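Please read the structure below before turning to the comments.
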Amino acid sequence: FASYQVELDKDSLVAESVDRILDSLTEEDGSLLSWLTENVLEQIEQGERYSMDANLLDMAVRLKSSQRQEAVEKALCSANSPLLLSDSGDNPTAGGIGCNTVLLRLLKDAQPQKKVLFAPIYDETVVQDLRDTAPGTRLCVRIGMAQDANSAPVELPCEVIRFGEIYAYHELVYEKKADFVFLRAGNMDLVICDHQLSFTGMECFETAGVAIADYDIVVIKMGYVMPELRPHCREMIMALTPGRTPLTICADQYRNLPRPIWPLDQLEEGVTVC
């Protein structure tokens with residue numbers, strides 16, 4: 001959706017985002033136009049009256065935004081499976097690195113009874129260190145590149161399941177994106193990559209050898225959910241996590257700014273800021 005710089009739980013902002021999307025569509029938005037067309041045809045075949053605005057609005061309302069702890073609790077309590085939980089503050093498609101471990105730590109501490117997939121987490125060192133490890137080996141793995149507090153290492157007792165390569169489309173070109181190691185830690189499966197990557201298409205899951213339908217919760221790293229992924233889940237939760245791509249404007253990581261500045265500071269009426 002156009003922007004997640006604000007909470008999408010506000011109905012008026014959701015509606016405005018939908019209007020902006022529809023107004024800005026061009027022939028270059030092939031995947032979104034195809035998805036909208038398929039929905040229109042499906043509704044017509046069922047003999048129903050179709051409202052594109054209402055259908056897109058319904059999708060936006062379902063994509064709820066939450067603070068990270070609340071988002072994890074919602075995901076674990078949800079009866080909708082599979083569910084996509086997005087680590088929005090670490091979005092590689094918008095400048096994030098993809099190495100943050102905030103949600104990994106929260107879900108580890110929660111000891112989930114549900115099946116969880118992390119797809120993916122970027123940690124080149126883990127992939128390199130395990131490259132010669134035989135599948136079936138059990139060992140303790142430190143996941144996290146320690147670039148800051150958000151990517152602090154998380155230790156997990158893991159089983160090495162397999163190694164492989166992830167392919168994805170880039171400007172209609174199908175190309176290799178990363179090498180990966182697939183780890184299992186109890187009910188949590190993890191795709192650890194040696195390059196920054198976001199699973200934006202089904203080909204990423206397929207070449208990683210995983211299926212969304214096999215899990216209760218799939219943790220992705222995006223600031224939105226690609227139209228291609230939506231039909232494969234029953235619920236989507238946007239976790240407002242910290243990182244290089246925060247979706248909250250009033251985030252605490254801004255340090256080198258001239259002050260006062262809106263919206264980080266509440267300005268009195270009539271105050272002029274140069």
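Residue names in the structure tokens use chain letters A, B, ... in the order shown, residue numbers from 1 in each chain, and ligand numbers from 1 in the order shown.
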Proximity of range 126-245 of chain A to range 109-121 of chain A: per-residue shortest pair, 9 Å limit, only C-alpha atoms, as a tab-separated table:
residue	atom	partner	partner_atom	distance
A:Ile143	CA	A:Ile121	CA	8.5
A:Gly144	CA	A:Ile121	CA	8.5
A:Phe180	CA	A:Pro120	CA	9.0
A:Gly186	CA	A:Gln111	CA	8.6
A:Asn187	CA	A:Lys115	CA	5.0
A:Met188	CA	A:Val116	CA	4.7
A:Asp189	CA	A:Leu117	CA	4.8
A:Leu190	CA	A:Phe118	CA	4.8
A:Val191	CA	A:Pro120	CA	4.9
A:Ile192	CA	A:Ile121	CA	5.0
A:Cys193	CA	A:Ile121	CA	6.2
A:Asp194	CA	A:Ile121	CA	8.9
A:Gln196	CA	A:Ile121	CA	8.2
A:Leu197	CA	A:Pro120	CA	7.2
A:Ser198	CA	A:Pro120	CA	6.8
A:Phe199	CA	A:Ala119	CA	6.6
A:Cys204	CA	A:Ala119	CA	9.0
A:Phe205	CA	A:Ala119	CA	7.9
A:Ala208	CA	A:Ala119	CA	8.9
A:Val210	CA	A:Leu117	CA	8.8
A:Ile212	CA	A:Leu117	CA	8.2
A:Asp214	CA	A:Lys115	CA	8.0
A:Tyr215	CA	A:Lys115	CA	5.1
A:Asp216	CA	A:Lys115	CA	5.2
A:Ile217	CA	A:Val116	CA	4.8
A:Val218	CA	A:Leu117	CA	4.7
A:Val219	CA	A:Phe118	CA	4.8
A:Ile220	CA	A:Ala119	CA	5.5
A:Lys221	CA	A:Pro120	CA	7.6
Report task. Just the residues within 6 Å of range 228-235 of chain A, please, counting only C-alpha atoms, with nothing from its chain fewer than 4 positions along; format it as a list in words. Result ->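 In the requested format, the answer is Asn80, Ser81, Pro82 and Leu83 of chain A.
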Write the residues you've just listed into a file as a compact mmCIF listing (two decimals), in the first residue's frame, and include N, CA, C and O atoms for each of them.
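Contents of part29.txt, freshly written:
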# COMPACT_ATOMS: atom_id res chain seq x y z
N ASN A 80 -6.33 -18.21 12.61
CA ASN A 80 -6.15 -18.21 11.16
C ASN A 80 -4.78 -18.75 10.79
O ASN A 80 -3.76 -18.22 11.22
N SER A 81 -4.77 -19.80 10.03
CA SER A 81 -3.52 -20.43 9.61
C SER A 81 -3.62 -20.82 8.14
O SER A 81 -4.63 -21.37 7.71
N PRO A 82 -2.57 -20.49 7.34
CA PRO A 82 -1.34 -19.80 7.70
C PRO A 82 -1.52 -18.29 7.83
O PRO A 82 -2.41 -17.71 7.23
N LEU A 83 -0.63 -17.69 8.61
CA LEU A 83 -0.65 -16.26 8.88
C LEU A 83 0.71 -15.67 8.52
O LEU A 83 1.74 -16.26 8.85
Report task. Enumerate the residues of range 65-102 of chain A with a DSSP assignment of strand (DSSP E or B), computed from the backbone, and present them as a list in words. Result -> Ser65, Ser66, Gln67, Leu83, Leu84, Leu85, Ser86 and Asp87 of chain A
File dump, residues just selected, N, CA and C atoms, as a short mmCIF file (atom, residue, chain, number, x, y, z; two decimals), in the first residue's frame:
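Writing the result to selection.cif gives the following:
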data_model
loop_
_atom_site.label_atom_id
_atom_site.label_comp_id
_atom_site.auth_asym_id
_atom_site.auth_seq_id
_atom_site.Cartn_x
_atom_site.Cartn_y
_atom_site.Cartn_z
N SER A 65 -1.74 -3.38 11.63
CA SER A 65 -0.41 -3.03 12.12
C SER A 65 -0.39 -3.12 13.64
N SER A 66 0.73 -3.56 14.19
CA SER A 66 0.84 -3.76 15.63
C SER A 66 2.27 -3.53 16.08
N GLN A 67 2.43 -3.12 17.34
CA GLN A 67 3.74 -3.09 17.92
C GLN A 67 4.25 -4.52 18.01
N LEU A 83 -0.63 -17.69 8.61
CA LEU A 83 -0.65 -16.26 8.88
C LEU A 83 0.71 -15.67 8.52
N LEU A 84 0.71 -14.53 7.86
CA LEU A 84 1.95 -13.84 7.53
C LEU A 84 2.21 -12.74 8.56
N LEU A 85 3.37 -12.79 9.20
CA LEU A 85 3.77 -11.79 10.18
C LEU A 85 4.97 -11.05 9.61
N SER A 86 4.81 -9.75 9.35
CA SER A 86 5.85 -9.00 8.65
C SER A 86 6.72 -8.19 9.60
N ASP A 87 8.03 -8.39 9.49
CA ASP A 87 9.04 -7.64 10.24
C ASP A 87 9.32 -6.36 9.47
#
Requested in this report: Do a neighbour search on range 126-139 of chain A at 12 Å with only C-alpha atoms, toss out local chain neighbours closer than 2 positions, and write the hits as a ChimeraX atom specification.
Outcome: /A:99,121-124,141-145,153-165,178-186,190-195
Query - d(CA of Cys77 in chain A, CA of Gly96 in chain A) in Å - result: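 Value for the CA of Cys77 in chain A-CA of Gly96 in chain A distance: 28.3 Å.
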Report task. List the neighbours of Thr241 in chain A out to 8 Å using only C-alpha atoms; skip same-chain residues closer than 3 positions along the sequence, and give me the result as a count of residues only. Result -> 9
